[in-house]
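Data block for data05.cif (mmCIF, C-alpha atoms and all ligand atoms):
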```cif
data_entry
loop_
_atom_site.label_atom_id
_atom_site.label_comp_id
_atom_site.auth_asym_id
_atom_site.auth_seq_id
_atom_site.Cartn_x
_atom_site.Cartn_y
_atom_site.Cartn_z
CA MET A 1 23.62 11.63 -9.43
CA LYS A 2 27.07 10.03 -9.61
CA LEU A 3 27.02 6.39 -10.72
CA ASP A 4 30.20 4.39 -10.29
CA ALA A 5 31.51 0.95 -9.35
CA VAL A 6 30.44 1.22 -5.71
CA THR A 7 26.90 2.54 -6.25
CA GLU A 8 24.42 0.48 -4.24
CA LYS A 9 21.48 -0.82 -6.24
CA THR A 10 17.75 -1.11 -5.36
CA GLY A 11 14.61 -1.08 -7.44
CA LEU A 12 11.13 -2.30 -8.26
CA ILE A 13 9.92 -5.42 -10.04
CA GLY A 14 6.39 -5.68 -11.41
CA HIS A 15 4.40 -5.88 -14.63
CA PRO A 16 3.73 -3.25 -15.83
CA VAL A 17 5.95 -0.68 -14.07
CA ALA A 18 6.12 2.17 -16.59
CA HIS A 19 3.51 4.19 -14.62
CA SER A 20 5.39 3.89 -11.30
CA LYS A 21 6.42 7.06 -9.48
CA SER A 22 8.68 5.16 -7.07
CA PRO A 23 11.94 5.72 -9.05
CA GLU A 24 11.58 9.51 -8.84
CA MET A 25 10.62 9.36 -5.14
CA MET A 26 13.32 6.92 -4.05
CA ASN A 27 16.18 8.36 -6.13
CA GLU A 28 15.43 11.80 -4.71
CA ALA A 29 15.45 10.29 -1.19
CA PHE A 30 18.91 8.77 -1.75
CA ARG A 31 20.17 12.03 -3.28
CA ARG A 32 18.78 14.11 -0.41
CA GLU A 33 20.48 11.88 2.16
CA GLY A 34 23.79 11.95 0.22
CA LEU A 35 23.72 8.17 -0.20
CA PRO A 36 25.45 6.58 -3.22
CA TRP A 37 22.39 4.45 -3.94
CA VAL A 38 20.17 4.13 -7.02
CA TYR A 39 16.63 2.79 -7.65
CA PHE A 40 15.57 1.19 -10.95
CA ALA A 41 12.23 -0.14 -12.25
CA PHE A 42 12.19 -3.51 -14.01
CA ASP A 43 9.25 -4.88 -16.02
CA VAL A 44 9.36 -8.60 -15.23
CA ALA A 45 6.95 -11.10 -16.80
CA SER A 46 5.54 -13.74 -14.44
CA GLU A 47 7.44 -16.60 -16.10
CA GLU A 48 10.71 -14.70 -15.56
CA LEU A 49 10.17 -13.94 -11.86
CA GLY A 50 12.42 -16.66 -10.40
CA ARG A 51 15.28 -15.83 -12.77
CA ALA A 52 14.84 -12.08 -12.12
CA VAL A 53 15.05 -12.55 -8.33
CA ALA A 54 18.13 -14.77 -8.68
CA GLY A 55 19.68 -12.18 -11.00
CA LEU A 56 19.09 -9.27 -8.61
CA LYS A 57 20.62 -11.33 -5.81
CA SER A 58 23.66 -12.33 -7.90
CA LEU A 59 24.20 -8.73 -8.98
CA GLY A 60 24.25 -7.59 -5.34
CA PHE A 61 21.06 -5.49 -5.23
CA ARG A 62 20.57 -4.37 -1.61
CA GLY A 63 16.82 -4.74 -1.84
CA TRP A 64 13.80 -4.12 -4.03
CA ASN A 65 10.10 -3.42 -3.99
CA VAL A 66 7.62 -5.83 -5.51
CA THR A 67 4.35 -4.82 -7.13
CA ILE A 68 1.46 -6.36 -9.07
CA PRO A 69 1.40 -9.21 -10.12
CA HIS A 70 4.37 -10.63 -8.16
CA LYS A 71 3.57 -9.82 -4.50
CA VAL A 72 2.43 -13.36 -3.71
CA ALA A 73 4.53 -15.39 -6.15
CA VAL A 74 7.81 -13.77 -5.05
CA MET A 75 7.55 -15.41 -1.61
CA GLU A 76 8.64 -18.83 -2.85
CA HIS A 77 11.91 -17.33 -4.13
CA LEU A 78 12.96 -15.83 -0.76
CA ASP A 79 14.93 -17.29 2.16
CA GLU A 80 12.62 -15.83 4.82
CA VAL A 81 9.27 -14.03 5.00
CA GLU A 82 8.57 -11.86 8.06
CA GLU A 83 5.42 -12.44 10.11
CA SER A 84 3.52 -9.37 8.91
CA ALA A 85 4.03 -10.34 5.26
CA ARG A 86 3.10 -13.96 5.99
CA GLU A 87 -0.13 -12.89 7.68
CA ILE A 88 -0.95 -10.42 4.91
CA GLY A 89 -0.07 -13.07 2.35
CA ALA A 90 2.07 -10.77 0.21
CA VAL A 91 5.55 -9.22 0.05
CA ASN A 92 6.11 -5.70 -1.24
CA THR A 93 9.71 -5.24 -0.07
CA VAL A 94 12.75 -7.54 -0.21
CA ILE A 95 15.87 -6.94 1.88
CA HIS A 96 19.14 -8.60 0.77
CA ARG A 97 21.29 -9.04 3.84
CA ASN A 98 24.23 -11.38 4.51
CA GLY A 99 23.44 -13.38 1.40
CA ARG A 100 19.80 -13.93 2.42
CA LEU A 101 16.63 -12.57 0.86
CA ILE A 102 14.10 -11.43 3.47
CA GLY A 103 10.54 -10.51 2.46
CA THR A 104 8.45 -7.97 4.34
CA ASN A 105 5.35 -5.89 3.74
CA THR A 106 5.35 -2.13 4.30
CA ASP A 107 1.94 -1.47 2.67
CA GLY A 108 -0.14 -1.85 5.83
CA ALA A 109 2.27 -0.01 8.12
CA GLY A 110 2.67 2.71 5.48
CA TYR A 111 -1.10 3.08 5.29
CA LEU A 112 -1.51 3.40 9.06
CA GLU A 113 1.38 5.85 9.34
CA SER A 114 -0.23 8.04 6.69
CA LEU A 115 -3.70 7.78 8.26
CA VAL A 116 -2.46 8.75 11.72
CA ARG A 117 -0.13 11.53 10.56
CA GLU A 118 -2.66 13.14 8.22
CA THR A 119 -5.88 12.74 10.21
CA GLY A 120 -4.91 11.89 13.81
CA PHE A 121 -7.40 8.99 13.68
CA ASP A 122 -7.03 6.50 16.53
CA VAL A 123 -8.25 3.12 15.28
CA LYS A 124 -8.55 1.57 18.75
CA GLY A 125 -12.15 0.57 19.48
CA ARG A 126 -13.40 1.91 16.12
CA ARG A 127 -15.74 0.33 13.56
CA VAL A 128 -14.26 -0.01 10.09
CA VAL A 129 -15.73 -0.94 6.71
CA ILE A 130 -13.28 -1.99 3.99
CA LEU A 131 -14.39 -1.96 0.36
CA GLY A 132 -12.49 -4.65 -1.59
CA ALA A 133 -10.75 -7.87 -0.61
CA GLY A 134 -7.63 -7.90 -2.80
CA GLY A 135 -3.98 -7.46 -1.82
CA ALA A 136 -4.32 -3.89 -0.56
CA ALA A 137 -7.38 -4.82 1.55
CA ARG A 138 -5.45 -7.71 3.10
CA ALA A 139 -2.57 -5.41 4.11
CA VAL A 140 -4.84 -2.66 5.45
CA GLY A 141 -7.24 -5.08 7.16
CA TYR A 142 -4.42 -6.92 8.94
CA THR A 143 -2.83 -3.68 10.11
CA LEU A 144 -6.08 -2.12 11.36
CA ALA A 145 -7.02 -5.36 13.13
CA ARG A 146 -3.61 -5.50 14.85
CA ALA A 147 -3.88 -1.81 15.74
CA GLY A 148 -7.06 -2.46 17.75
CA ALA A 149 -10.06 -1.87 15.45
CA GLU A 150 -13.11 -3.14 17.31
CA GLN A 151 -14.92 -4.43 14.25
CA ILE A 152 -14.07 -4.76 10.55
CA GLY A 153 -16.68 -5.34 7.86
CA ILE A 154 -15.49 -6.37 4.40
CA VAL A 155 -17.58 -5.61 1.30
CA ASN A 156 -16.47 -7.05 -2.02
CA ARG A 157 -17.90 -7.65 -5.49
CA THR A 158 -16.84 -11.31 -5.19
CA GLU A 159 -18.48 -12.08 -1.84
CA LYS A 160 -16.51 -15.27 -1.18
CA LYS A 161 -13.28 -13.23 -1.01
CA ALA A 162 -14.85 -10.89 1.55
CA GLN A 163 -15.83 -13.88 3.69
CA ASP A 164 -12.36 -15.42 3.39
CA LEU A 165 -10.64 -12.19 4.44
CA ALA A 166 -13.06 -11.74 7.37
CA ASP A 167 -12.35 -15.34 8.48
CA HIS A 168 -8.64 -14.55 8.43
CA LEU A 169 -8.95 -11.25 10.35
CA ARG A 170 -11.09 -12.88 13.05
CA ARG A 171 -7.83 -14.03 14.66
CA TRP A 172 -7.30 -10.45 15.82
CA THR A 173 -10.72 -8.75 15.90
CA ARG A 174 -14.44 -9.08 15.15
CA ALA A 175 -14.67 -9.31 11.37
CA ASP A 176 -17.56 -10.02 8.98
CA GLY A 177 -18.06 -10.39 5.27
CA ILE A 178 -20.87 -8.01 4.25
CA SER A 179 -22.89 -8.41 1.06
CA PRO A 180 -22.87 -5.38 -1.28
CA GLY A 181 -26.62 -5.03 -0.61
CA GLU A 182 -25.95 -4.47 3.10
CA ALA A 183 -23.03 -2.09 2.63
CA ASP A 184 -25.10 1.08 3.17
CA THR A 185 -26.24 0.01 6.63
CA ALA A 186 -22.71 -0.97 7.69
CA ILE A 187 -21.28 2.34 6.43
CA ARG A 188 -23.93 4.34 8.31
CA GLU A 189 -22.71 2.71 11.54
CA ALA A 190 -18.97 2.94 10.77
CA ASP A 191 -16.27 5.38 11.93
CA LEU A 192 -13.82 4.66 9.10
CA LEU A 193 -14.50 3.63 5.49
CA VAL A 194 -11.44 2.38 3.58
CA GLN A 195 -11.83 2.11 -0.19
CA THR A 196 -9.32 -0.42 -1.61
CA THR A 197 -10.87 -1.32 -4.98
CA SER A 198 -9.75 0.20 -8.29
CA VAL A 199 -13.18 1.84 -8.79
CA GLY A 200 -12.69 5.57 -9.41
CA MET A 201 -9.08 5.25 -10.53
CA HIS A 202 -7.69 7.01 -13.62
CA PRO A 203 -8.78 6.70 -16.47
CA HIS A 204 -12.30 6.13 -15.02
CA PRO A 205 -12.53 8.86 -12.34
CA GLU A 206 -16.35 8.94 -12.58
CA GLY A 207 -16.62 5.63 -10.68
CA CYS A 208 -17.95 5.62 -7.11
CA PRO A 209 -17.97 2.27 -5.25
CA VAL A 210 -20.83 3.07 -2.82
CA ASP A 211 -24.12 4.95 -2.76
CA PRO A 212 -23.01 8.49 -1.76
CA ALA A 213 -26.14 8.78 0.40
CA SER A 214 -24.60 6.32 2.89
CA LEU A 215 -21.71 8.72 3.64
CA HIS A 216 -22.13 10.87 6.74
CA LYS A 217 -20.42 13.61 8.72
CA ASP A 218 -19.12 11.30 11.50
CA LEU A 219 -17.22 9.16 8.98
CA LEU A 220 -13.58 9.33 7.93
CA VAL A 221 -13.39 8.24 4.29
CA SER A 222 -10.03 6.91 3.17
CA ASP A 223 -9.40 6.05 -0.48
CA LEU A 224 -6.22 4.15 -1.42
CA ILE A 225 -6.36 5.56 -4.94
CA TYR A 226 -3.93 8.46 -5.52
CA HIS A 227 -4.59 9.10 -9.21
CA PRO A 228 -6.73 11.18 -9.12
CA ARG A 229 -5.86 12.64 -5.72
CA GLN A 230 -9.48 13.53 -4.94
CA THR A 231 -11.58 10.63 -6.18
CA ARG A 232 -15.30 10.96 -6.77
CA LEU A 233 -15.82 9.07 -3.48
CA LEU A 234 -13.75 11.63 -1.56
CA GLN A 235 -15.59 14.50 -3.26
CA GLU A 236 -18.98 12.99 -2.34
CA ALA A 237 -17.75 12.42 1.22
CA LYS A 238 -16.63 16.04 1.59
CA THR A 239 -19.96 17.28 0.30
CA ARG A 240 -21.64 15.36 3.14
CA GLY A 241 -19.30 16.76 5.79
CA ALA A 242 -17.12 13.66 6.18
CA ARG A 243 -13.36 13.91 6.67
CA VAL A 244 -11.24 12.51 3.83
CA HIS A 245 -7.84 10.86 3.38
CA SER A 246 -6.20 10.11 0.01
CA GLY A 247 -3.90 7.22 -1.03
CA LEU A 248 -0.84 9.37 -1.72
CA GLY A 249 0.37 9.12 1.87
CA MET A 250 0.30 5.31 1.75
CA LEU A 251 2.46 5.34 -1.38
CA LEU A 252 4.85 7.72 0.35
CA HIS A 253 5.13 5.90 3.68
CA GLN A 254 5.39 2.36 2.29
CA GLY A 255 8.37 3.68 0.30
CA ALA A 256 9.84 5.50 3.29
CA LEU A 257 9.66 2.32 5.38
CA ALA A 258 11.41 0.32 2.62
CA PHE A 259 14.11 3.02 2.43
CA GLU A 260 14.66 2.69 6.18
CA ARG A 261 14.87 -1.09 6.08
CA TRP A 262 17.46 -1.01 3.28
CA THR A 263 19.64 1.85 4.46
CA GLY A 264 19.17 1.85 8.25
CA ARG A 265 18.60 5.62 7.98
CA GLN A 266 15.53 7.75 8.51
CA ALA A 267 13.83 8.56 5.22
CA PRO A 268 13.46 12.23 4.14
CA VAL A 269 9.68 11.84 4.15
CA GLU A 270 8.82 15.49 3.57
CA ARG A 271 11.01 15.74 0.48
CA MET A 272 9.71 12.41 -0.86
CA GLY A 273 6.16 13.72 -0.51
CA GLU A 274 7.03 16.87 -2.44
CA VAL A 275 8.43 14.75 -5.28
CA LEU A 276 5.24 12.68 -5.42
CA GLU A 277 3.06 15.80 -5.46
CA GLN A 278 5.17 17.14 -8.32
CA VAL A 279 5.26 14.01 -10.49
CA LEU A 280 1.59 13.18 -9.91
CA GLY A 281 0.68 16.74 -10.73
CA GLU A 282 2.37 16.23 -14.10
CA SER A 283 0.55 12.95 -14.88
P1 LIG A 301 -6.25 -6.42 -6.38
O1 LIG A 301 -5.58 -7.38 -5.46
O2 LIG A 301 -6.33 -6.73 -7.83
O3 LIG A 301 -7.76 -6.22 -5.80
C1 LIG A 301 -8.68 -5.41 -6.51
C2 LIG A 301 -9.95 -5.26 -5.67
O4 LIG A 301 -10.81 -4.34 -6.35
C3 LIG A 301 -10.75 -6.56 -5.52
O5 LIG A 301 -11.41 -6.55 -4.29
C4 LIG A 301 -11.77 -6.45 -6.68
O6 LIG A 301 -12.94 -7.19 -6.48
C5 LIG A 301 -12.07 -4.97 -6.64
N1 LIG A 301 -12.56 -4.47 -7.92
C6 LIG A 301 -11.85 -4.31 -9.06
N2 LIG A 301 -12.65 -3.81 -10.02
C7 LIG A 301 -13.87 -3.65 -9.48
C8 LIG A 301 -15.14 -3.18 -9.95
N3 LIG A 301 -15.28 -2.76 -11.21
N4 LIG A 301 -16.19 -3.14 -9.10
C9 LIG A 301 -16.06 -3.57 -7.82
N5 LIG A 301 -14.89 -4.03 -7.31
C10 LIG A 301 -13.83 -4.07 -8.12
O7 LIG A 301 -5.59 -4.98 -6.29
P2 LIG A 301 -4.89 -4.27 -5.02
O8 LIG A 301 -3.44 -4.49 -5.06
O9 LIG A 301 -5.66 -4.68 -3.82
O10 LIG A 301 -5.12 -2.72 -5.36
C11 LIG A 301 -6.42 -2.16 -5.29
C12 LIG A 301 -6.38 -0.64 -5.37
O11 LIG A 301 -5.60 -0.10 -4.32
C13 LIG A 301 -5.81 -0.06 -6.66
O12 LIG A 301 -6.58 1.04 -7.02
C14 LIG A 301 -4.42 0.37 -6.27
O13 LIG A 301 -3.97 1.46 -7.04
C15 LIG A 301 -4.65 0.81 -4.84
N6 LIG A 301 -3.41 0.70 -4.04
C16 LIG A 301 -2.87 1.87 -3.57
C17 LIG A 301 -1.70 1.83 -2.83
C18 LIG A 301 -1.10 3.09 -2.32
O14 LIG A 301 0.10 3.12 -2.00
N7 LIG A 301 -1.88 4.16 -2.18
C19 LIG A 301 -1.08 0.60 -2.56
C20 LIG A 301 -1.67 -0.58 -3.04
C21 LIG A 301 -2.84 -0.51 -3.80
P3 LIG A 301 -13.05 -8.74 -6.93
O15 LIG A 301 -12.42 -9.55 -5.83
O16 LIG A 301 -14.51 -8.98 -7.06
O17 LIG A 301 -12.32 -8.88 -8.24
#
```
Would you mind writing the structure in this file as structure tokens?
Ligand code: NAP
Amino acid sequence: MKLDAVTEKTGLIGHPVAHSKSPEMMNEAFRREGLPWVYFAFDVASEELGRAVAGLKSLGFRGWNVTIPHKVAVMEHLDEVEESAREIGAVNTVIHRNGRLIGTNTDGAGYLESLVRETGFDVKGRRVVILGAGGAARAVGYTLARAGAEQIGIVNRTEKKAQDLADHLRRWTRADGISPGEADTAIREADLLVQTTSVGMHPHPEGCPVDPASLHKDLLVSDLIYHPRQTRLLQEAKTRGARVHSGLGMLLHQGALAFERWTGRQAPVERMGEVLEQVLGES
């Protein structure tokens, strides 16, 4: 990759970021498209966030991704936040255009793109159960509600957060907070189960967030975790004849959508996916 005085700059801010696979994926996308662009990863402490955003703007970065723990806090440092990000309550992508910083959220759209492409699932009129009520659940819940899910049940360890998210989603669909004790019944009646907690993630792959006996052959089980690729939940689901969907596609498509917003060009999605497969295979 040639770096010179006219190289366009993008990147990621978060804390920590050392584990991120986005630099490999995005730099390969720029290279593949012959674009003189580069993507960095910056570990930014919370107390430095405002200064970091001002610095990226001053230095002419064309845009950047935002990850944990800055997805909410970054909003107060931007000139504009698009509707989807406002409704989700978090920004994962910033676009620097005409001297203005615009916040958007590609997590939900990236998730849906991956779900539809990989499984052909049509969410319209379907019953969904979401495990978790954090940032990822907010993005996925909002997107599925807007896409026409008939009913969304939210199950979360901290029940108040499940109720709050259900209250929010009720603007677009029928939504309920479900206590962990009632999760099995809701899952037995659901078409799609979306797992958005960190249970089952490396280095604790033995974790399974639900009783495997509640999984059934008419269910599509979607786990946002991509490390490992096949979580224990997905393995249990397969054993019971359910279809499965892993989190790698969401990582890929949220990045592809950011690429498209920054460059105005179609992202080389296939090649980006190959890079992710390769780097995650090594980790
Ligand atoms: P977050 O905002 O911190 O939310 C974490 C959620 O997990 C909360 O609902 C939390 O429940 C729950 N949780 C954590 N530990 C738990 C445990 N031991 N038992 C039960 N519930 C537990 O995090 P996030 O940003 O939503 O991310 C959540 C997961 O999604 C992570 O695994 C992340 O890697 C994955 N993710 C994947 C992608 C992708 O591109 N594939 C994108 C974003 C996120 P409480 O409310 O009770 O704390």
Counting all atoms listed in the file, what are the residues, protein, DNA or RNA alike, that approach ligand LIG 301 (chain A) to within 9 Å? I want them as number ranges by chain. A: 67-69, 71, 107-108, 110-111, 131-139, 155-162, 195-202, 207, 209, 223-227, 246-255
Long-range neighbours of Glu48 in chain A as a tab-separated table (two decimals) with C-alpha atoms, in the coordinates of the input, 12 Å cut-off, only C-alpha atoms, 5 positions minimum in chain:
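Output saved as result25.tsv:
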```tsv
chain	number	residue	atom	x	y	z
A	13	ILE	CA	9.92	-5.42	-10.04
A	14	GLY	CA	6.39	-5.68	-11.41
A	15	HIS	CA	4.40	-5.88	-14.63
A	42	PHE	CA	12.19	-3.51	-14.01
A	43	ASP	CA	9.25	-4.88	-16.02
A	53	VAL	CA	15.05	-12.55	-8.33
A	54	ALA	CA	18.13	-14.77	-8.68
A	55	GLY	CA	19.68	-12.18	-11.00
A	70	HIS	CA	4.37	-10.63	-8.16
A	73	ALA	CA	4.53	-15.39	-6.15
A	74	VAL	CA	7.81	-13.77	-5.05
A	77	HIS	CA	11.91	-17.33	-4.13
```
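Remark: for Arg146 in chain A, the closest of the candidate residues A:Glu8, A:Glu87, A:Leu101, A:Leu115 is A:Glu87 (distances computed over all atoms listed in the file).
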Kindly indicate which residue among A:Ala256, A:Ala45, A:Ile95, A:Val128 lies nearest to Ser222 in chain A, using all atoms listed in the file for the distances. A:Val128
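When only C-alpha atoms are used to measure the gap to Lys9 in chain A, the shortest distance among A:Thr119, A:Gln235, A:Thr263, A:Gln278 belongs to A:Thr263.
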Got a sec: who's within 12 Å of Ala175 in chain A, counting all atoms listed in the file, leaving out chain neighbours fewer than 3 positions off, as a list in words? Arg127, Val128, Val129, Ile130, Gly141, Tyr142, Leu144, Ala145, Ala149, Glu150, Gln151, Ile152, Gly153, Ile154, Val155, Ala162, Gln163, Asp164, Leu165, Ala166, Asp167, His168, Leu169, Arg170, Arg171, Trp172 and Ile178 of chain A
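We find CA of Glu28 in chain A and CA of Asn92 in chain A to be spaced 20.1 Å apart.
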I'd like the neighbourhood of Met26 in chain A as a PDB file with C-alpha atoms, in the frame of the given file, where a residue qualifies if any of its atoms comes within 9 Å (using only C-alpha atoms), though same-chain residues fewer than 5 positions away should be ignored.
```
ATOM      1  CA  GLY A  11      14.610  -1.080  -7.440  1.00  0.00           C
ATOM      2  CA  LYS A  21       6.420   7.060  -9.480  1.00  0.00           C
ATOM      3  CA  ARG A  31      20.170  12.030  -3.280  1.00  0.00           C
ATOM      4  CA  VAL A  38      20.170   4.130  -7.020  1.00  0.00           C
ATOM      5  CA  TYR A  39      16.630   2.790  -7.650  1.00  0.00           C
ATOM      6  CA  GLY A 255       8.370   3.680   0.300  1.00  0.00           C
ATOM      7  CA  ALA A 256       9.840   5.500   3.290  1.00  0.00           C
ATOM      8  CA  PHE A 259      14.110   3.020   2.430  1.00  0.00           C
ATOM      9  CA  MET A 272       9.710  12.410  -0.860  1.00  0.00           C
TER      10      MET A 272
END
```
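From CA of Asn65 in chain A back to CA of Leu12 in chain A, the distance works out to 4.5 Å.
Distances from A:His19, A:Pro205, A:Lys57, A:Gly148 to Asn98 in chain A were compared using all atoms listed in the file, and the smallest one belongs to A:Lys57.
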Can you tell me, as an mmCIF file with C-alpha atoms, in the coordinates of the input, what residues are no more than 12 Å from Trp37 in chain A when counting all atoms listed in the file, ignoring any on the same chain fewer than 2 positions away?
```
data_model
loop_
_atom_site.group_PDB
_atom_site.id
_atom_site.type_symbol
_atom_site.label_atom_id
_atom_site.label_comp_id
_atom_site.auth_asym_id
_atom_site.auth_seq_id
_atom_site.Cartn_x
_atom_site.Cartn_y
_atom_site.Cartn_z
ATOM 1 C CA MET A 1 23.620 11.630 -9.430
ATOM 2 C CA LYS A 2 27.070 10.030 -9.610
ATOM 3 C CA LEU A 3 27.020 6.390 -10.720
ATOM 4 C CA ASP A 4 30.200 4.390 -10.290
ATOM 5 C CA ALA A 5 31.510 0.950 -9.350
ATOM 6 C CA VAL A 6 30.440 1.220 -5.710
ATOM 7 C CA THR A 7 26.900 2.540 -6.250
ATOM 8 C CA GLU A 8 24.420 0.480 -4.240
ATOM 9 C CA LYS A 9 21.480 -0.820 -6.240
ATOM 10 C CA THR A 10 17.750 -1.110 -5.360
ATOM 11 C CA GLY A 11 14.610 -1.080 -7.440
ATOM 12 C CA PRO A 23 11.940 5.720 -9.050
ATOM 13 C CA MET A 26 13.320 6.920 -4.050
ATOM 14 C CA ASN A 27 16.180 8.360 -6.130
ATOM 15 C CA GLU A 28 15.430 11.800 -4.710
ATOM 16 C CA ALA A 29 15.450 10.290 -1.190
ATOM 17 C CA PHE A 30 18.910 8.770 -1.750
ATOM 18 C CA ARG A 31 20.170 12.030 -3.280
ATOM 19 C CA ARG A 32 18.780 14.110 -0.410
ATOM 20 C CA GLU A 33 20.480 11.880 2.160
ATOM 21 C CA GLY A 34 23.790 11.950 0.220
ATOM 22 C CA LEU A 35 23.720 8.170 -0.200
ATOM 23 C CA TYR A 39 16.630 2.790 -7.650
ATOM 24 C CA PHE A 40 15.570 1.190 -10.950
ATOM 25 C CA PHE A 61 21.060 -5.490 -5.230
ATOM 26 C CA ARG A 62 20.570 -4.370 -1.610
ATOM 27 C CA GLY A 63 16.820 -4.740 -1.840
ATOM 28 C CA PHE A 259 14.110 3.020 2.430
ATOM 29 C CA TRP A 262 17.460 -1.010 3.280
ATOM 30 C CA THR A 263 19.640 1.850 4.460
#
```
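By all atoms listed in the file, and with residues fewer than 5 positions from range 82-86 of chain A along its chain excluded, the set lying at most 7 Å from it is Val91, Gly103, Thr104 and Asn105 of chain A.
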Dump of C-alpha atoms for the selected residues, as an mmCIF file, in the coordinates of the input:
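What ended up in result.cif:
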```cif
data_model
loop_
_atom_site.group_PDB
_atom_site.id
_atom_site.type_symbol
_atom_site.label_atom_id
_atom_site.label_comp_id
_atom_site.auth_asym_id
_atom_site.auth_seq_id
_atom_site.Cartn_x
_atom_site.Cartn_y
_atom_site.Cartn_z
ATOM 1 C CA VAL A 91 5.550 -9.220 0.050
ATOM 2 C CA GLY A 103 10.540 -10.510 2.460
ATOM 3 C CA THR A 104 8.450 -7.970 4.340
ATOM 4 C CA ASN A 105 5.350 -5.890 3.740
#
```
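Shortest separation to Gly273 in chain A among A:Leu234, A:Val72, A:Met25, A:Leu220 occurs at residue A:Met25, atoms counted being all atoms listed in the file.
Put simply, CA of Leu219 in chain A is 9.6 Å away from CA of Arg240 in chain A.
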